[in-house]
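**Student:** Mind looking over this structure? Questions follow.
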Amino acid sequence: MGSRPTCFLGAQMNRKSLCVVSLSGLILSLVGCGGATETPQKRINVVPRPTAALTSVAEEWAIRFEDRPSGAAGYELSAIIGCGCAVLDFDRNGLLDVLFVAEDSEITNVGLFSQESQGQFTECSQVKGLQSVSGAGIAVGDANNDGWPDLYVTSRRANSLWLNQSGREFKDVTSSSGLASSNWGTSACWLDYDRDGWLDLFVTNYVDYQHRECTRLGGGDADFCTPGLFPPTSDKLFRNLAGESSTGQPTFQDVSTGTGISQKLSAGLGVTALDWNGDQWIDIYVASDQHPNLLWINQQGSFREEAGIHGCDLDFQGRAQGSMGLALGHFNEDGLEDLVVSNLDGESHAVYCRDEHGFCTDRCRETGILAATRPLTGFGIAATDFDLDGVSDLLTVNGRVKRQDGKPQSPNDFWRPYQQEIQLLKATTPGGKWEALEVAGGKTHVARGLAIGDLDRDGDPDAVISTTGEPVIVLRNDFVPVRRGITLQFVDPKLGKRSCPGVAFSVQSASGVQFNQTFQPCQSYMSSHADEFYMAMPQGETTLKLSVKWPHGDLRAEEFLMTPADSGVIVIERGQGSLSN
């Protein structure tokens, strides 16, 4: 189980086949609710919108989980922050599974749904040893290089590390790993910041919270407090020492002070890691609620905060926003990877378009994304090509953090005044106009986490959404694909065939570079995408060259060739391509 069949590049594969490419040759805050006045909820367009081909299938697939926070009636801040979700293949059977967590739900705090055959899910958290899990964020990564995905769960109480025992069960190794933390952890990200081949862990922390009662300025009914009332905190970076241990067991050292990470305070909610400036050392970006966002540039093992220098700390008006979720994608026509940050109702998403040196301009106005997203409070966010037309679409899940002015508590449904619709912005052309499509019948939710993965193995990405106060949502992608889809996985056979987050790759054709991309499951909001990258095969090309820069080992790029005949899941193995000069 878990083995990958090998085939020659260019051979025909069906969509569910797995192939190893082996011949030489991608205002204010979140909860930034703050003192900002949120604009009334309204639809993006005046005329009825076309419906997105995303079908709700959670009930059909028997994926049933509901987070009902016990602290909601007392307006505990963690209740409105919500929790994340993850898509992963924990048992390596080739079918993706789904994980949800909750902090203090009145029902249950964990739901692991194993996909045993296509579209057939079984809840198995207790069988797999996860019955005592509770938390808010999920980061999926291989902590010990055995090829099996492990779980790091953040919490406002105590974070935890769960080691995958070859798919049979998960084991709590928090106490022996050195990853215990007393901070309010939100999002976490696995990365190899020192390029030694072992995944390290970055954890962004929220505020130093002591519960208090809050109302709107001028009085009124109780509501959730703004996080600006509480002191910000510093984040944590843990170095993986397993490579220096005779046992190879995951042991981590807190290097936050020595690397410079502890020098800045923030109210972190989202985090991702990528080579921001092209020097082949992984950098770290943090979405900070009501404070300037942080960009930690890797100085070959230490870090310097440079968000202000690179133009990605504030919005286009020079204001800190209620930053929550993060998405890497393409939002203009230059082929360079950009970053979108979801924000509070009344602020709009920030769209940081980068140049080749990593310097940014917030182009939310020019792209039209400002007008489209301003009425909504965005949390989980993903830039992915749903209809496989070669252009990134933008899916955001939304939900208010304070009731509208003058709106009292709902006597029948506490969460109703906080609900907003899910939004899919469909890019009609690269760098052109965006069309807002209606998702799931236009129903409203308090949605928080969002994770992407091809759950039904038909070649295109589906979506999993965590919610508060109602059952979770699973959206099957039923768009008619414009082109043939391919799925890329990046693994290192010398490291247990583990996934390699942080891979920087470019897709090139005879006509030039198609696009540059980072493979990074750690995006969105307190969630983990599947460790796969979904793309459309460009039309009219006879051969594509994939230039891969690995986040560890040799700094030289490795090149692989693909042909239009390739489809399904293609596993890119480190060491099986040709090194560029």
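Labels for the structure tokens follow display order: chains A, B, ..., residues from 1 in each chain, ligands from 1.
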Which residues, written as a PyMOL selection string, have at least one atom at most 9 Å from region 497-512 of chain A, with only C-alpha atoms counted and residues fewer than 5 positions away on the same chain left out?
**Tutor:** chain A and resi 26+141-142+145-149+190-192+199+273-275+280+282+489-492+517-522+531-532+538+541-552+557+573
**Student:** List every residue of region 331-384 of chain A that has an atom at most 7 Å from any atom of region 304-321 of chain A, and for each one report the closest atom pair and its distance in Å to one decimal, counting only C-alpha atoms, with rows sorted by chain and then by increasing residue number, as a Markdown table.
**Tutor:**
| residue | atom | partner | partner_atom | distance |
| --- | --- | --- | --- | --- |
| A:Asn343 | CA | A:Gln321 | CA | 6.4 |
| A:Ala350 | CA | A:Asp315 | CA | 6.2 |
| A:Tyr352 | CA | A:Cys312 | CA | 6.4 |
| A:Gly358 | CA | A:His310 | CA | 6.5 |
| A:Phe359 | CA | A:His310 | CA | 4.5 |
| A:Cys360 | CA | A:Gly311 | CA | 5.0 |
| A:Thr361 | CA | A:Gly311 | CA | 6.3 |
| A:Asp362 | CA | A:Phe316 | CA | 5.4 |
**Student:** With C-alpha atoms kept, could you save the residues just selected as a CSV table (one decimal), in the first residue's frame?
**Tutor:**
chain,number,residue,atom,x,y,z
A,343,ASN,CA,-9.9,40.8,4.9
A,350,ALA,CA,-5.5,42.7,-0.8
A,352,TYR,CA,-0.3,41.8,-3.9
A,358,GLY,CA,9.4,40.0,-4.9
A,359,PHE,CA,8.4,43.7,-4.7
A,360,CYS,CA,4.6,44.2,-4.6
A,361,THR,CA,1.8,46.5,-5.5
A,362,ASP,CA,-1.7,46.0,-4.1
**Student:** Extract the full set of strand (DSSP E) residues from region 170-419 of chain A according to DSSP on the backbone, and format it as JSON, numbers by chain.
**Tutor:** {"A": [170, 171, 172, 185, 186, 187, 188, 189, 190, 191, 200, 201, 202, 203, 204, 205, 236, 237, 238, 239, 240, 252, 253, 254, 268, 269, 270, 271, 272, 273, 274, 283, 284, 285, 286, 287, 288, 294, 295, 296, 297, 298, 303, 304, 305, 326, 327, 328, 329, 338, 339, 340, 341, 350, 351, 352, 353, 354, 360, 361, 362, 378, 379, 380, 381, 382, 383, 384, 393, 394, 395, 396, 397, 398]}
**Student:** Would you mind telling me which residue in A:Gln523, A:Thr122, A:Gly260, A:Ala52 lies nearest to Asp393 (chain A) when using only C-alpha atoms?
**Tutor:**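 The answer is A:Ala52, which sits nearest to Asp393 (chain A).
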**Student:** Could you tell me which of A:Val391, A:Cys364, A:Leu237, A:Ala158 comes closest to Glu347 (chain A) if we count only C-alpha atoms?
**Tutor:** A:Cys364
**Student:** One decimal, in Å: what's the spacing between CA of Leu54 (chain A) and CA of Leu450 (chain A)?
**Tutor:**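 So the answer is 14.1 Å.
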**Student:** Any idea what's packed within 9 Å of Ile369 (chain A), counting only C-alpha atoms, ignoring anything in its chain fewer than 6 positions away? Could you give it as a VMD selection string?
**Tutor:** chain A and resid 348 to 351 363 425 433 to 434
**Student:** Those residues you just picked out, can you put them in a file as a CSV table (one decimal), in the first residue's frame with N, CA and C atoms?
**Tutor:**
chain,number,residue,atom,x,y,z
A,348,SER,N,-12.1,44.8,1.7
A,348,SER,CA,-11.8,44.1,0.5
A,348,SER,C,-10.5,43.3,0.6
A,349,HIS,N,-10.3,42.3,-0.2
A,349,HIS,CA,-9.1,41.5,-0.3
A,349,HIS,C,-7.9,42.4,-0.7
A,350,ALA,N,-6.7,42.1,-0.3
A,350,ALA,CA,-5.5,42.7,-0.8
A,350,ALA,C,-5.0,41.8,-1.9
A,351,VAL,N,-4.6,42.4,-3.0
A,351,VAL,CA,-4.0,41.6,-4.1
A,351,VAL,C,-2.6,42.1,-4.4
A,363,ARG,N,-3.0,45.5,-6.1
A,363,ARG,CA,-3.8,45.8,-7.3
A,363,ARG,C,-5.3,45.4,-7.1
A,425,LEU,N,-15.1,33.9,-7.5
A,425,LEU,CA,-14.8,34.9,-8.6
A,425,LEU,C,-14.1,34.1,-9.7
A,433,LYS,N,-11.4,40.8,-16.4
A,433,LYS,CA,-12.5,40.9,-15.5
A,433,LYS,C,-12.8,39.7,-14.7
A,434,TRP,N,-13.5,39.9,-13.6
A,434,TRP,CA,-13.9,38.8,-12.8
A,434,TRP,C,-15.4,38.7,-12.7
**Student:** Just the residues within 10 Å of Arg448 (chain A), please, counting only C-alpha atoms, with nothing from its chain fewer than 4 positions along; format it as a list in words.
**Tutor:**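 In the requested form, the answer reads Ile80, Ile81, Gly82, Cys83, Gly84, Cys85, Met324, Gly325, Gly378, Phe379, Gly380, Ile381, Thr396, Val397, Asn398, Gly399, Ile465, Ser466, Thr467, Thr468, Ser524, Tyr525, Met526 and Ser527 of chain A.
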**Student:** Could you take the residues named above and write them with all heavy atoms, as a compact mmCIF listing (two decimals), in the first residue's frame?
**Tutor:**
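Result went into again15.txt, see below:
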# COMPACT_ATOMS: atom_id res chain seq x y z
N ILE A 80 -15.84 32.96 17.48
CA ILE A 80 -16.03 33.62 16.19
C ILE A 80 -14.82 33.44 15.29
O ILE A 80 -14.92 33.55 14.07
CB ILE A 80 -16.34 35.13 16.40
CG1 ILE A 80 -16.98 35.73 15.14
CG2 ILE A 80 -15.11 35.91 16.82
CD1 ILE A 80 -18.34 35.16 14.82
N ILE A 81 -13.65 33.13 15.88
CA ILE A 81 -12.46 32.84 15.07
C ILE A 81 -12.68 31.59 14.22
O ILE A 81 -12.25 31.49 13.08
CB ILE A 81 -11.23 32.64 15.99
CG1 ILE A 81 -10.83 33.96 16.62
CG2 ILE A 81 -10.06 32.05 15.22
CD1 ILE A 81 -10.21 34.93 15.67
N GLY A 82 -13.35 30.59 14.81
CA GLY A 82 -13.64 29.37 14.08
C GLY A 82 -12.46 28.42 14.02
O GLY A 82 -11.46 28.59 14.71
N CYS A 83 -12.61 27.40 13.18
CA CYS A 83 -11.61 26.34 13.07
C CYS A 83 -11.39 25.97 11.61
O CYS A 83 -12.18 26.34 10.74
CB CYS A 83 -12.06 25.11 13.86
SG CYS A 83 -12.28 25.43 15.63
N GLY A 84 -10.32 25.23 11.36
CA GLY A 84 -9.94 24.89 10.00
C GLY A 84 -10.29 23.46 9.62
O GLY A 84 -11.02 22.75 10.31
N CYS A 85 -9.72 23.02 8.49
CA CYS A 85 -9.95 21.69 7.97
C CYS A 85 -8.75 21.28 7.12
O CYS A 85 -7.85 22.09 6.87
CB CYS A 85 -11.24 21.63 7.15
SG CYS A 85 -11.34 22.88 5.82
N MET A 324 -6.80 37.66 7.31
CA MET A 324 -7.12 36.31 7.76
C MET A 324 -6.47 35.24 6.88
O MET A 324 -5.50 34.61 7.26
CB MET A 324 -8.64 36.11 7.79
CG MET A 324 -9.32 36.73 8.98
SD MET A 324 -9.78 38.45 8.75
CE MET A 324 -11.34 38.30 7.93
N GLY A 325 -7.02 35.02 5.68
CA GLY A 325 -6.58 33.92 4.84
C GLY A 325 -5.62 34.36 3.75
O GLY A 325 -5.55 35.54 3.39
N GLY A 378 -13.93 37.86 4.59
CA GLY A 378 -13.36 36.63 4.05
C GLY A 378 -12.44 35.93 5.03
O GLY A 378 -11.65 36.56 5.73
N PHE A 379 -12.51 34.62 5.05
CA PHE A 379 -11.61 33.79 5.86
C PHE A 379 -10.85 32.84 4.94
O PHE A 379 -9.91 33.24 4.27
CB PHE A 379 -12.42 33.06 6.94
CG PHE A 379 -12.77 33.92 8.10
CD1 PHE A 379 -13.86 34.78 8.06
CD2 PHE A 379 -12.02 33.90 9.27
CE1 PHE A 379 -14.19 35.59 9.14
CE2 PHE A 379 -12.32 34.70 10.35
CZ PHE A 379 -13.41 35.55 10.28
N GLY A 380 -11.24 31.57 4.87
CA GLY A 380 -10.54 30.65 4.00
C GLY A 380 -10.61 31.08 2.55
O GLY A 380 -11.65 31.56 2.07
N ILE A 381 -9.49 30.91 1.83
CA ILE A 381 -9.41 31.42 0.46
C ILE A 381 -8.49 30.51 -0.34
O ILE A 381 -7.52 29.97 0.18
CB ILE A 381 -8.91 32.89 0.46
CG1 ILE A 381 -8.91 33.48 -0.94
CG2 ILE A 381 -7.54 33.00 1.12
CD1 ILE A 381 -8.64 34.99 -0.94
N THR A 396 -13.62 32.16 -1.96
CA THR A 396 -13.50 32.68 -0.60
C THR A 396 -14.72 32.27 0.20
O THR A 396 -15.86 32.41 -0.26
CB THR A 396 -13.39 34.21 -0.58
OG1 THR A 396 -12.40 34.65 -1.51
CG2 THR A 396 -13.02 34.70 0.81
N VAL A 397 -14.49 31.78 1.43
CA VAL A 397 -15.60 31.49 2.33
C VAL A 397 -15.68 32.62 3.35
O VAL A 397 -14.66 33.13 3.82
CB VAL A 397 -15.46 30.11 3.00
CG1 VAL A 397 -15.38 29.04 1.92
CG2 VAL A 397 -14.24 30.03 3.90
N ASN A 398 -16.90 33.02 3.68
CA ASN A 398 -17.13 34.26 4.40
C ASN A 398 -18.01 34.08 5.63
O ASN A 398 -18.69 33.07 5.79
CB ASN A 398 -17.78 35.28 3.45
CG ASN A 398 -16.98 35.52 2.19
OD1 ASN A 398 -15.92 36.15 2.23
ND2 ASN A 398 -17.46 35.01 1.07
N GLY A 399 -18.02 35.10 6.47
CA GLY A 399 -18.88 35.12 7.65
C GLY A 399 -18.51 36.29 8.53
O GLY A 399 -17.34 36.52 8.82
N ILE A 465 -15.14 22.83 3.34
CA ILE A 465 -15.32 24.08 4.08
C ILE A 465 -15.77 23.78 5.50
O ILE A 465 -16.77 23.07 5.71
CB ILE A 465 -16.36 24.97 3.37
CG1 ILE A 465 -15.90 25.29 1.93
CG2 ILE A 465 -16.61 26.25 4.16
CD1 ILE A 465 -16.99 25.90 1.07
N SER A 466 -15.05 24.32 6.47
CA SER A 466 -15.48 24.22 7.86
C SER A 466 -16.39 25.39 8.20
O SER A 466 -16.19 26.51 7.72
CB SER A 466 -14.28 24.18 8.81
OG SER A 466 -13.53 25.38 8.72
N THR A 467 -17.39 25.14 9.01
CA THR A 467 -18.39 26.14 9.34
C THR A 467 -18.60 26.18 10.85
O THR A 467 -18.17 25.27 11.57
CB THR A 467 -19.73 25.83 8.65
OG1 THR A 467 -20.12 24.50 8.99
CG2 THR A 467 -19.62 25.95 7.14
N THR A 468 -19.30 27.20 11.31
CA THR A 468 -19.62 27.33 12.72
C THR A 468 -21.13 27.34 12.88
O THR A 468 -21.83 28.10 12.20
CB THR A 468 -19.03 28.63 13.29
OG1 THR A 468 -17.61 28.62 13.10
CG2 THR A 468 -19.33 28.76 14.77
N SER A 524 -4.61 29.32 2.75
CA SER A 524 -5.98 29.47 3.24
C SER A 524 -6.01 30.00 4.65
O SER A 524 -5.25 30.91 5.01
CB SER A 524 -6.72 28.13 3.10
OG SER A 524 -8.11 28.30 3.30
N TYR A 525 -6.86 29.44 5.52
CA TYR A 525 -7.06 29.92 6.88
C TYR A 525 -7.12 28.73 7.83
O TYR A 525 -8.06 27.94 7.79
CB TYR A 525 -8.35 30.73 6.97
CG TYR A 525 -8.73 31.20 8.35
CD1 TYR A 525 -8.11 32.30 8.94
CD2 TYR A 525 -9.71 30.53 9.09
CE1 TYR A 525 -8.46 32.73 10.21
CE2 TYR A 525 -10.07 30.95 10.36
CZ TYR A 525 -9.44 32.05 10.91
OH TYR A 525 -9.79 32.46 12.18
N MET A 526 -6.06 28.54 8.62
CA MET A 526 -5.98 27.46 9.60
C MET A 526 -6.27 26.08 8.98
O MET A 526 -6.81 25.20 9.63
CB MET A 526 -6.91 27.73 10.78
CG MET A 526 -6.50 28.95 11.59
SD MET A 526 -7.11 29.00 13.30
CE MET A 526 -8.85 29.29 13.05
N SER A 527 -5.90 25.91 7.72
CA SER A 527 -6.24 24.71 6.98
C SER A 527 -5.06 24.23 6.13
O SER A 527 -4.08 24.96 5.94
CB SER A 527 -7.45 24.97 6.07
OG SER A 527 -8.58 25.36 6.81
**Student:** Near Leu179 (chain A), within 9 Å and counting only C-alpha atoms, which residues show up once chain neighbours fewer than 6 positions away are dropped, as an mmCIF file with C-alpha atoms, in the first residue's frame?
**Tutor:**
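What follows is the written file around_31.cif:
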data_model
loop_
_atom_site.group_PDB
_atom_site.id
_atom_site.type_symbol
_atom_site.label_atom_id
_atom_site.label_comp_id
_atom_site.auth_asym_id
_atom_site.auth_seq_id
_atom_site.Cartn_x
_atom_site.Cartn_y
_atom_site.Cartn_z
ATOM 1 C CA ASN A 159 -0.936 22.661 20.391
ATOM 2 C CA SER A 160 -0.320 18.992 19.628
ATOM 3 C CA LEU A 161 1.677 16.766 17.232
ATOM 4 C CA VAL A 173 4.042 12.674 20.572
ATOM 5 C CA LEU A 201 7.485 24.123 11.732
ATOM 6 C CA PHE A 238 10.774 25.152 15.561
ATOM 7 C CA THR A 251 12.407 16.304 18.050
ATOM 8 C CA PHE A 252 12.153 20.068 17.671
ATOM 9 C CA GLN A 253 14.058 23.032 19.079
ATOM 10 C CA ASP A 254 12.491 26.455 19.547
#
**Student:** Write out as a ChimeraX atom specification all residues of region 346-528 of chain A that backbone DSSP assigns to alpha helix (DSSP H).
**Tutor:** /A:364-367,369-373
**Student:** Take the residues that were just selected and, keeping N, CA, C and O atoms, output them as a short mmCIF file (atom, residue, chain, number, x, y, z; two decimals), in the first residue's frame.
**Tutor:**
data_model
loop_
_atom_site.label_atom_id
_atom_site.label_comp_id
_atom_site.auth_asym_id
_atom_site.auth_seq_id
_atom_site.Cartn_x
_atom_site.Cartn_y
_atom_site.Cartn_z
N CYS A 364 -5.81 45.49 -5.92
CA CYS A 364 -7.20 45.08 -5.72
C CYS A 364 -8.16 45.92 -6.55
O CYS A 364 -9.18 45.43 -7.04
N ARG A 365 -7.84 47.20 -6.77
CA ARG A 365 -8.71 48.06 -7.57
C ARG A 365 -8.63 47.71 -9.05
O ARG A 365 -9.65 47.54 -9.73
N GLU A 366 -7.40 47.59 -9.56
CA GLU A 366 -7.21 47.34 -10.98
C GLU A 366 -7.80 46.00 -11.42
O GLU A 366 -8.31 45.87 -12.53
N THR A 367 -7.74 45.02 -10.56
CA THR A 367 -8.26 43.70 -10.92
C THR A 367 -9.77 43.61 -10.76
O THR A 367 -10.40 42.67 -11.25
N ILE A 369 -11.15 43.16 -7.91
CA ILE A 369 -11.41 42.32 -6.75
C ILE A 369 -11.85 43.16 -5.55
O ILE A 369 -12.59 42.69 -4.68
N LEU A 370 -11.46 44.43 -5.50
CA LEU A 370 -11.89 45.31 -4.41
C LEU A 370 -13.41 45.40 -4.38
O LEU A 370 -14.04 45.16 -3.34
N ALA A 371 -14.02 45.76 -5.50
CA ALA A 371 -15.47 45.94 -5.53
C ALA A 371 -16.21 44.63 -5.24
O ALA A 371 -17.25 44.63 -4.57
N ALA A 372 -15.64 43.52 -5.72
CA ALA A 372 -16.31 42.24 -5.55
C ALA A 372 -16.29 41.73 -4.12
O ALA A 372 -17.24 41.11 -3.65
N THR A 373 -15.19 41.99 -3.41
CA THR A 373 -15.02 41.40 -2.08
C THR A 373 -15.33 42.34 -0.93
O THR A 373 -15.43 41.90 0.22
#
**Student:** Leu88 (chain A): which residues within 6 Å, counting only C-alpha atoms, same-chain residues fewer than 6 positions away excluded, as an MDAnalysis selection string?
**Tutor:** chainID A and resid 96:97 530
**Student:** Taking only C-alpha atoms into account, name the residue in A:Thr384, A:Thr247, A:Thr444, A:Asn183 that is nearest to Ile473 (chain A).
**Tutor:**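 Of A:Thr384, A:Thr247, A:Thr444, A:Asn183, the one nearest Ile473 (chain A), counting only C-alpha atoms, is A:Thr444.
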**Student:** Gln263 (chain A): which residues within 12 Å, counting only C-alpha atoms, same-chain residues fewer than 6 positions away excluded, as a list in words?
**Tutor:**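 What passes the distance filter is Thr233, Ser234, Asp235, Lys236, Leu237, Val255, Ser256, Thr257, Leu294, Trp296, Ser302, Phe303, Arg304 and Glu305 of chain A.
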